[in-house]
>>> print(open('entry_12.cif').read())   # mmCIF, N, CA and C atoms
data_target
loop_
_atom_site.label_atom_id
_atom_site.label_comp_id
_atom_site.auth_asym_id
_atom_site.auth_seq_id
_atom_site.Cartn_x
_atom_site.Cartn_y
_atom_site.Cartn_z
N MET A 1 -20.79 -29.99 -10.86
CA MET A 1 -21.29 -29.22 -9.75
C MET A 1 -22.52 -28.45 -10.24
N SER A 2 -23.56 -28.48 -9.45
CA SER A 2 -24.79 -27.81 -9.84
C SER A 2 -24.65 -26.30 -9.65
N PRO A 3 -25.47 -25.54 -10.37
CA PRO A 3 -25.41 -24.08 -10.20
C PRO A 3 -25.71 -23.66 -8.77
N ARG A 4 -26.52 -24.45 -8.07
CA ARG A 4 -26.85 -24.13 -6.69
C ARG A 4 -25.63 -24.27 -5.77
N GLY A 5 -24.78 -25.26 -6.02
CA GLY A 5 -23.58 -25.47 -5.23
C GLY A 5 -22.48 -24.49 -5.57
N LEU A 6 -22.57 -23.89 -6.74
CA LEU A 6 -21.55 -22.95 -7.19
C LEU A 6 -21.74 -21.56 -6.58
N ARG A 7 -22.95 -21.23 -6.20
CA ARG A 7 -23.25 -19.89 -5.68
C ARG A 7 -22.45 -19.56 -4.41
N PRO A 8 -22.39 -20.44 -3.41
CA PRO A 8 -21.60 -20.09 -2.22
C PRO A 8 -20.12 -19.90 -2.53
N LEU A 9 -19.60 -20.73 -3.43
CA LEU A 9 -18.20 -20.60 -3.82
C LEU A 9 -17.95 -19.26 -4.49
N LEU A 10 -18.86 -18.87 -5.35
CA LEU A 10 -18.74 -17.59 -6.04
C LEU A 10 -18.86 -16.42 -5.06
N ALA A 11 -19.74 -16.53 -4.08
CA ALA A 11 -19.91 -15.47 -3.09
C ALA A 11 -18.66 -15.32 -2.23
N VAL A 12 -18.06 -16.42 -1.81
CA VAL A 12 -16.85 -16.36 -1.00
C VAL A 12 -15.70 -15.77 -1.81
N THR A 13 -15.60 -16.15 -3.07
CA THR A 13 -14.55 -15.62 -3.93
C THR A 13 -14.71 -14.11 -4.12
N ALA A 14 -15.94 -13.67 -4.32
CA ALA A 14 -16.18 -12.23 -4.49
C ALA A 14 -15.84 -11.47 -3.21
N LEU A 15 -16.16 -12.05 -2.07
CA LEU A 15 -15.85 -11.42 -0.79
C LEU A 15 -14.34 -11.30 -0.59
N LEU A 16 -13.61 -12.38 -0.90
CA LEU A 16 -12.15 -12.34 -0.77
C LEU A 16 -11.53 -11.30 -1.71
N ALA A 17 -12.04 -11.23 -2.92
CA ALA A 17 -11.51 -10.24 -3.87
C ALA A 17 -11.79 -8.82 -3.39
N ALA A 18 -12.99 -8.60 -2.85
CA ALA A 18 -13.32 -7.26 -2.35
C ALA A 18 -12.42 -6.88 -1.18
N LEU A 19 -12.15 -7.82 -0.29
CA LEU A 19 -11.27 -7.54 0.84
C LEU A 19 -9.85 -7.26 0.38
N ALA A 20 -9.39 -8.02 -0.59
CA ALA A 20 -8.01 -7.85 -1.06
C ALA A 20 -7.82 -6.49 -1.72
N PHE A 21 -8.76 -6.09 -2.55
CA PHE A 21 -8.60 -4.83 -3.27
C PHE A 21 -8.89 -3.62 -2.40
N SER A 22 -9.76 -3.74 -1.44
CA SER A 22 -10.04 -2.59 -0.58
C SER A 22 -8.88 -2.32 0.37
N GLY A 23 -8.19 -3.34 0.83
CA GLY A 23 -7.05 -3.16 1.72
C GLY A 23 -5.87 -2.50 1.04
N THR A 24 -5.68 -2.76 -0.23
CA THR A 24 -4.54 -2.19 -0.95
C THR A 24 -4.66 -0.68 -1.06
N GLY A 25 -5.82 -0.17 -1.38
CA GLY A 25 -6.00 1.27 -1.50
C GLY A 25 -5.84 1.97 -0.18
N GLN A 26 -6.30 1.38 0.89
CA GLN A 26 -6.20 1.99 2.20
C GLN A 26 -4.76 2.00 2.68
N ALA A 27 -3.99 1.02 2.31
CA ALA A 27 -2.61 0.97 2.77
C ALA A 27 -1.81 2.15 2.23
N LYS A 28 -1.99 2.49 0.99
CA LYS A 28 -1.25 3.61 0.43
C LYS A 28 -1.67 4.92 1.08
N ALA A 29 -2.96 5.08 1.28
CA ALA A 29 -3.43 6.32 1.89
C ALA A 29 -2.96 6.43 3.33
N SER A 30 -3.00 5.34 4.07
CA SER A 30 -2.60 5.40 5.47
C SER A 30 -1.10 5.60 5.61
N CYS A 31 -0.33 5.15 4.64
CA CYS A 31 1.12 5.33 4.68
C CYS A 31 1.47 6.81 4.59
N ALA A 32 0.88 7.52 3.65
CA ALA A 32 1.12 8.95 3.51
C ALA A 32 0.54 9.70 4.71
N SER A 33 -0.60 9.25 5.19
CA SER A 33 -1.20 9.87 6.36
C SER A 33 -0.33 9.70 7.60
N ALA A 34 0.32 8.55 7.68
CA ALA A 34 1.20 8.30 8.83
C ALA A 34 2.38 9.28 8.82
N VAL A 35 2.92 9.55 7.64
CA VAL A 35 4.03 10.51 7.54
C VAL A 35 3.55 11.90 7.96
N LEU A 36 2.39 12.31 7.45
CA LEU A 36 1.86 13.63 7.80
C LEU A 36 1.49 13.72 9.28
N ASP A 37 0.93 12.65 9.83
CA ASP A 37 0.59 12.65 11.26
C ASP A 37 1.86 12.71 12.11
N ASP A 38 2.90 12.04 11.66
CA ASP A 38 4.17 12.06 12.38
C ASP A 38 4.77 13.47 12.36
N TRP A 39 4.56 14.19 11.27
CA TRP A 39 5.11 15.54 11.14
C TRP A 39 4.34 16.57 11.97
N ARG A 40 3.12 16.30 12.34
CA ARG A 40 2.24 17.30 12.98
C ARG A 40 2.90 18.04 14.14
N ASP A 41 3.85 17.41 14.83
CA ASP A 41 4.52 18.10 15.94
C ASP A 41 5.74 18.89 15.47
N GLY A 42 5.98 18.94 14.17
CA GLY A 42 7.05 19.77 13.63
C GLY A 42 8.28 19.01 13.18
N HIS A 43 8.35 17.72 13.46
CA HIS A 43 9.47 16.91 12.98
C HIS A 43 9.02 15.47 12.79
N ILE A 44 9.76 14.74 11.98
CA ILE A 44 9.43 13.35 11.68
C ILE A 44 10.37 12.46 12.47
N THR A 45 9.81 11.62 13.33
CA THR A 45 10.62 10.74 14.17
C THR A 45 10.66 9.32 13.63
N GLY A 46 9.66 8.92 12.88
CA GLY A 46 9.60 7.55 12.35
C GLY A 46 10.39 7.40 11.06
N THR A 47 10.53 6.17 10.63
CA THR A 47 11.18 5.86 9.37
C THR A 47 10.16 5.16 8.47
N TYR A 48 10.02 5.65 7.26
CA TYR A 48 9.02 5.13 6.33
C TYR A 48 9.70 4.79 5.01
N SER A 49 8.97 4.09 4.15
CA SER A 49 9.53 3.76 2.85
C SER A 49 9.60 5.01 1.98
N VAL A 50 10.41 4.94 0.95
CA VAL A 50 10.56 6.07 0.03
C VAL A 50 9.21 6.41 -0.60
N ALA A 51 8.45 5.38 -0.94
CA ALA A 51 7.13 5.61 -1.55
C ALA A 51 6.20 6.36 -0.60
N CYS A 52 6.31 6.11 0.69
CA CYS A 52 5.47 6.82 1.67
C CYS A 52 5.78 8.31 1.67
N TYR A 53 7.07 8.64 1.68
CA TYR A 53 7.45 10.05 1.65
C TYR A 53 6.98 10.72 0.36
N GLN A 54 7.16 10.03 -0.76
CA GLN A 54 6.76 10.61 -2.05
C GLN A 54 5.25 10.81 -2.13
N THR A 55 4.49 9.85 -1.61
CA THR A 55 3.04 9.99 -1.60
C THR A 55 2.60 11.11 -0.67
N ALA A 56 3.26 11.22 0.47
CA ALA A 56 2.94 12.30 1.40
C ALA A 56 3.20 13.67 0.77
N LEU A 57 4.29 13.79 0.03
CA LEU A 57 4.58 15.06 -0.65
C LEU A 57 3.54 15.35 -1.73
N ALA A 58 3.11 14.31 -2.44
CA ALA A 58 2.12 14.50 -3.50
C ALA A 58 0.75 14.88 -2.93
N GLN A 59 0.44 14.37 -1.74
CA GLN A 59 -0.87 14.64 -1.13
C GLN A 59 -0.83 15.77 -0.10
N LEU A 60 0.27 16.47 -0.01
CA LEU A 60 0.41 17.53 0.99
C LEU A 60 -0.57 18.66 0.69
N PRO A 61 -1.41 19.01 1.66
CA PRO A 61 -2.37 20.10 1.43
C PRO A 61 -1.64 21.42 1.14
N GLU A 62 -2.27 22.22 0.33
CA GLU A 62 -1.65 23.47 -0.14
C GLU A 62 -1.32 24.41 1.02
N ASP A 63 -2.18 24.48 2.03
CA ASP A 63 -1.89 25.39 3.14
C ASP A 63 -0.65 24.96 3.92
N LEU A 64 -0.46 23.66 4.08
CA LEU A 64 0.76 23.19 4.74
C LEU A 64 1.99 23.45 3.89
N ARG A 65 1.82 23.31 2.57
CA ARG A 65 2.94 23.56 1.66
C ARG A 65 3.39 25.01 1.73
N ILE A 66 2.44 25.93 1.85
CA ILE A 66 2.76 27.37 1.83
C ILE A 66 3.17 27.89 3.20
N TYR A 67 2.40 27.55 4.23
CA TYR A 67 2.56 28.21 5.53
C TYR A 67 3.34 27.40 6.57
N SER A 68 3.92 26.29 6.19
CA SER A 68 4.65 25.49 7.17
C SER A 68 5.94 24.96 6.56
N SER A 69 6.69 24.27 7.36
CA SER A 69 7.93 23.66 6.88
C SER A 69 7.73 22.19 6.53
N ALA A 70 6.48 21.77 6.39
CA ALA A 70 6.18 20.35 6.15
C ALA A 70 6.89 19.82 4.91
N GLU A 71 6.81 20.55 3.81
CA GLU A 71 7.41 20.07 2.56
C GLU A 71 8.92 19.87 2.72
N SER A 72 9.62 20.84 3.26
CA SER A 72 11.07 20.71 3.41
C SER A 72 11.42 19.64 4.45
N ASP A 73 10.61 19.51 5.50
CA ASP A 73 10.88 18.48 6.52
C ASP A 73 10.71 17.08 5.94
N ILE A 74 9.67 16.88 5.14
CA ILE A 74 9.45 15.57 4.53
C ILE A 74 10.53 15.29 3.49
N LYS A 75 10.92 16.30 2.72
CA LYS A 75 12.00 16.11 1.75
C LYS A 75 13.32 15.77 2.46
N ARG A 76 13.58 16.40 3.60
CA ARG A 76 14.79 16.12 4.37
C ARG A 76 14.77 14.67 4.88
N ALA A 77 13.62 14.22 5.37
CA ALA A 77 13.50 12.84 5.84
C ALA A 77 13.66 11.86 4.69
N LEU A 78 13.12 12.21 3.52
CA LEU A 78 13.27 11.36 2.34
C LEU A 78 14.73 11.27 1.92
N LEU A 79 15.42 12.39 1.92
CA LEU A 79 16.84 12.40 1.58
C LEU A 79 17.64 11.56 2.56
N SER A 80 17.33 11.70 3.84
CA SER A 80 18.01 10.92 4.86
C SER A 80 17.77 9.43 4.65
N ARG A 81 16.55 9.08 4.30
CA ARG A 81 16.20 7.67 4.08
C ARG A 81 16.97 7.10 2.88
N THR A 82 17.07 7.87 1.81
CA THR A 82 17.78 7.38 0.62
C THR A 82 19.28 7.32 0.86
N GLN A 83 19.84 8.25 1.64
CA GLN A 83 21.27 8.20 1.95
C GLN A 83 21.62 7.00 2.80
N VAL A 84 20.76 6.64 3.74
CA VAL A 84 21.00 5.46 4.57
C VAL A 84 20.97 4.21 3.70
N ALA A 85 20.05 4.17 2.76
CA ALA A 85 19.95 3.00 1.87
C ALA A 85 21.17 2.89 0.97
N LEU A 86 21.71 4.02 0.52
CA LEU A 86 22.87 3.99 -0.36
C LEU A 86 24.17 3.72 0.39
N ALA A 87 24.21 4.04 1.68
CA ALA A 87 25.43 3.87 2.45
C ALA A 87 25.72 2.39 2.75
N ALA A 88 24.70 1.59 2.86
CA ALA A 88 24.90 0.16 3.16
C ALA A 88 25.42 -0.54 1.91
N PRO A 89 26.34 -1.48 2.08
CA PRO A 89 26.82 -2.24 0.93
C PRO A 89 25.68 -3.01 0.27
N ALA A 90 25.76 -3.15 -1.02
CA ALA A 90 24.67 -3.80 -1.77
C ALA A 90 24.47 -5.25 -1.35
N LYS A 91 25.55 -5.97 -1.07
CA LYS A 91 25.38 -7.38 -0.74
C LYS A 91 24.86 -7.58 0.69
N ALA A 92 25.03 -6.61 1.56
CA ALA A 92 24.58 -6.74 2.94
C ALA A 92 23.15 -6.26 3.13
N GLN A 93 22.58 -5.64 2.11
CA GLN A 93 21.22 -5.11 2.25
C GLN A 93 20.21 -6.24 2.25
N LYS A 94 19.29 -6.15 3.18
CA LYS A 94 18.16 -7.06 3.21
C LYS A 94 16.98 -6.32 2.61
N PRO A 95 16.05 -7.05 2.00
CA PRO A 95 14.89 -6.34 1.46
C PRO A 95 14.11 -5.68 2.59
N PRO A 96 13.66 -4.43 2.39
CA PRO A 96 12.94 -3.75 3.47
C PRO A 96 11.62 -4.42 3.76
N ARG A 97 11.26 -4.41 5.04
CA ARG A 97 9.96 -4.97 5.43
C ARG A 97 8.87 -4.01 4.99
N SER A 98 7.77 -4.56 4.61
CA SER A 98 6.66 -3.73 4.19
C SER A 98 5.99 -3.11 5.41
N ASN A 99 5.78 -1.80 5.39
CA ASN A 99 5.08 -1.14 6.49
C ASN A 99 3.77 -0.53 6.01
N GLY A 100 3.13 -1.24 5.09
CA GLY A 100 1.85 -0.74 4.62
C GLY A 100 1.95 0.14 3.40
N SER A 101 3.11 0.16 2.75
CA SER A 101 3.25 1.03 1.61
C SER A 101 2.64 0.46 0.36
N GLY A 102 2.29 -0.84 0.36
CA GLY A 102 1.69 -1.43 -0.80
C GLY A 102 2.68 -1.89 -1.85
N ASP A 103 3.96 -1.88 -1.52
CA ASP A 103 4.98 -2.29 -2.47
C ASP A 103 4.97 -3.80 -2.70
N ALA A 104 4.67 -4.58 -1.68
CA ALA A 104 4.71 -6.02 -1.78
C ALA A 104 3.33 -6.54 -2.21
N VAL A 105 3.34 -7.73 -2.85
CA VAL A 105 2.10 -8.35 -3.26
C VAL A 105 1.51 -9.07 -2.05
N SER A 106 0.28 -8.78 -1.76
CA SER A 106 -0.38 -9.37 -0.61
C SER A 106 -0.74 -10.83 -0.91
N PRO A 107 -0.46 -11.75 0.03
CA PRO A 107 -0.87 -13.14 -0.18
C PRO A 107 -2.38 -13.27 -0.32
N LEU A 108 -3.12 -12.39 0.36
CA LEU A 108 -4.57 -12.41 0.24
C LEU A 108 -5.00 -12.05 -1.18
N LEU A 109 -4.29 -11.13 -1.80
CA LEU A 109 -4.59 -10.76 -3.18
C LEU A 109 -4.35 -11.93 -4.12
N VAL A 110 -3.26 -12.64 -3.91
CA VAL A 110 -2.94 -13.79 -4.76
C VAL A 110 -4.03 -14.86 -4.60
N LEU A 111 -4.44 -15.13 -3.36
CA LEU A 111 -5.49 -16.11 -3.12
C LEU A 111 -6.82 -15.68 -3.74
N ALA A 112 -7.12 -14.40 -3.64
CA ALA A 112 -8.38 -13.90 -4.21
C ALA A 112 -8.39 -14.04 -5.73
N ILE A 113 -7.28 -13.73 -6.36
CA ILE A 113 -7.21 -13.85 -7.82
C ILE A 113 -7.30 -15.31 -8.24
N ALA A 114 -6.59 -16.18 -7.51
CA ALA A 114 -6.65 -17.61 -7.83
C ALA A 114 -8.07 -18.14 -7.62
N GLY A 115 -8.72 -17.71 -6.56
CA GLY A 115 -10.10 -18.14 -6.32
C GLY A 115 -11.05 -17.64 -7.38
N ALA A 116 -10.85 -16.41 -7.84
CA ALA A 116 -11.70 -15.87 -8.89
C ALA A 116 -11.52 -16.63 -10.19
N ILE A 117 -10.29 -16.98 -10.50
CA ILE A 117 -10.03 -17.76 -11.72
C ILE A 117 -10.70 -19.12 -11.62
N LEU A 118 -10.57 -19.77 -10.46
CA LEU A 118 -11.21 -21.07 -10.27
C LEU A 118 -12.73 -20.97 -10.35
N ALA A 119 -13.29 -19.93 -9.77
CA ALA A 119 -14.74 -19.75 -9.80
C ALA A 119 -15.23 -19.49 -11.21
N LEU A 120 -14.51 -18.67 -11.95
CA LEU A 120 -14.90 -18.39 -13.33
C LEU A 120 -14.78 -19.64 -14.20
N THR A 121 -13.72 -20.40 -13.98
CA THR A 121 -13.55 -21.65 -14.73
C THR A 121 -14.68 -22.62 -14.42
N GLY A 122 -14.99 -22.75 -13.12
CA GLY A 122 -16.06 -23.65 -12.72
C GLY A 122 -17.41 -23.23 -13.28
N SER A 123 -17.68 -21.93 -13.26
CA SER A 123 -18.97 -21.47 -13.79
C SER A 123 -19.02 -21.62 -15.31
N ALA A 124 -17.89 -21.48 -15.97
CA ALA A 124 -17.86 -21.68 -17.42
C ALA A 124 -18.15 -23.14 -17.77
N PHE A 125 -17.57 -24.06 -17.01
CA PHE A 125 -17.84 -25.48 -17.23
C PHE A 125 -19.30 -25.80 -16.93
N ALA A 126 -19.87 -25.18 -15.91
CA ALA A 126 -21.27 -25.42 -15.57
C ALA A 126 -22.20 -24.92 -16.66
N LEU A 127 -21.86 -23.78 -17.25
CA LEU A 127 -22.68 -23.25 -18.33
C LEU A 127 -22.59 -24.07 -19.60
N VAL A 128 -21.42 -24.64 -19.85
CA VAL A 128 -21.23 -25.45 -21.06
C VAL A 128 -22.03 -26.74 -20.95
N ARG A 129 -22.11 -27.31 -19.76
CA ARG A 129 -22.85 -28.56 -19.58
C ARG A 129 -24.29 -28.27 -19.77
#
>>> encode(input="entry_12.cif", output="structure tokens")
Amino acid sequence: MSPRGLRPLLAVTALLAALAFSGTGQAKASCASAVLDDWRDGHITGTYSVACYQTALAQLPEDLRIYSSAESDIKRALLSRTQVALAAPAKAQKPPRSNGSGDAVSPLLVLAIAGAILALTGSAFALVR
């Protein structure tokens, strides 16, 4: 393959990698933001992953921590979530669906990494020739 034909492949691979990695960072931030937005009315009505609650507690602004019940409300929701998970029998538990917490590996990320490896391999062969 000529270097000219390799350029579009390399550009598409770089684009896929950029999309895969940019989405992962936003998912974690939006997960914690969703918990905080849900709390804004004074109580949490949704159910989120344990990681979402923990991230929300870690990113809780200092004024909310001091002057509101946000910290205790989020901790209460986290405790409730973990108790529900422990109450179900281990063999009957299904793996939780991902709600943007970033716990699962994105298929787009796998494709981007595979494409990057193929592109690097192809460019290495082109340079050797």
>>> resolve_selection(input="entry_12.cif", expression="the PyMOL selection byres ((chain A and resi 41-53) around 8)", output="ChimeraX atom specification")
/A:28,30-40,54-59,69-70,73-75,77-78,81-82,98-101
>>> residues_around(input="entry_12.cif", residues="Ile117 (chain A)", least_positions_apart="4", cutoff="12 Å", atoms="only C-alpha atoms", output="ChimeraX atom specification")
/A:9-10,13-14,17,110-113,121-124
>>> write_last_selection(input="entry_12.cif", atoms="N, CA and C atoms", output="CSV table (one decimal), in the frame of the given file")
chain,number,residue,atom,x,y,z
A,9,LEU,N,-19.6,-20.7,-3.4
A,9,LEU,CA,-18.2,-20.6,-3.8
A,9,LEU,C,-18.0,-19.3,-4.5
A,10,LEU,N,-18.9,-18.9,-5.4
A,10,LEU,CA,-18.7,-17.6,-6.0
A,10,LEU,C,-18.9,-16.4,-5.1
A,13,THR,N,-15.6,-16.2,-3.1
A,13,THR,CA,-14.6,-15.6,-3.9
A,13,THR,C,-14.7,-14.1,-4.1
A,14,ALA,N,-15.9,-13.7,-4.3
A,14,ALA,CA,-16.2,-12.2,-4.5
A,14,ALA,C,-15.8,-11.5,-3.2
A,17,ALA,N,-12.0,-11.2,-2.9
A,17,ALA,CA,-11.5,-10.2,-3.9
A,17,ALA,C,-11.8,-8.8,-3.4
A,110,VAL,N,-3.3,-12.6,-3.9
A,110,VAL,CA,-2.9,-13.8,-4.8
A,110,VAL,C,-4.0,-14.9,-4.6
A,111,LEU,N,-4.4,-15.1,-3.4
A,111,LEU,CA,-5.5,-16.1,-3.1
A,111,LEU,C,-6.8,-15.7,-3.7
A,112,ALA,N,-7.1,-14.4,-3.6
A,112,ALA,CA,-8.4,-13.9,-4.2
A,112,ALA,C,-8.4,-14.0,-5.7
A,113,ILE,N,-7.3,-13.7,-6.4
A,113,ILE,CA,-7.2,-13.8,-7.8
A,113,ILE,C,-7.3,-15.3,-8.2
A,121,THR,N,-13.7,-20.4,-14.0
A,121,THR,CA,-13.6,-21.6,-14.7
A,121,THR,C,-14.7,-22.6,-14.4
A,122,GLY,N,-15.0,-22.8,-13.1
A,122,GLY,CA,-16.1,-23.6,-12.7
A,122,GLY,C,-17.4,-23.2,-13.3
A,123,SER,N,-17.7,-21.9,-13.3
A,123,SER,CA,-19.0,-21.5,-13.8
A,123,SER,C,-19.0,-21.6,-15.3
A,124,ALA,N,-17.9,-21.5,-16.0
A,124,ALA,CA,-17.9,-21.7,-17.4
A,124,ALA,C,-18.2,-23.1,-17.8
>>> atom_distance(input="entry_12.cif", atom1="CA of Arg7 (chain A)", atom2="CA of Ala119 (chain A)")
9.5 Å
>>> atom_distance(input="entry_12.cif", atom1="CA of Tyr67 (chain A)", atom2="CA of Gln83 (chain A)")
27.6 Å
>>> atom_distance(input="entry_12.cif", atom1="CA of Leu120 (chain A)", atom2="atom N of Pro8 (chain A)")
12.6 Å
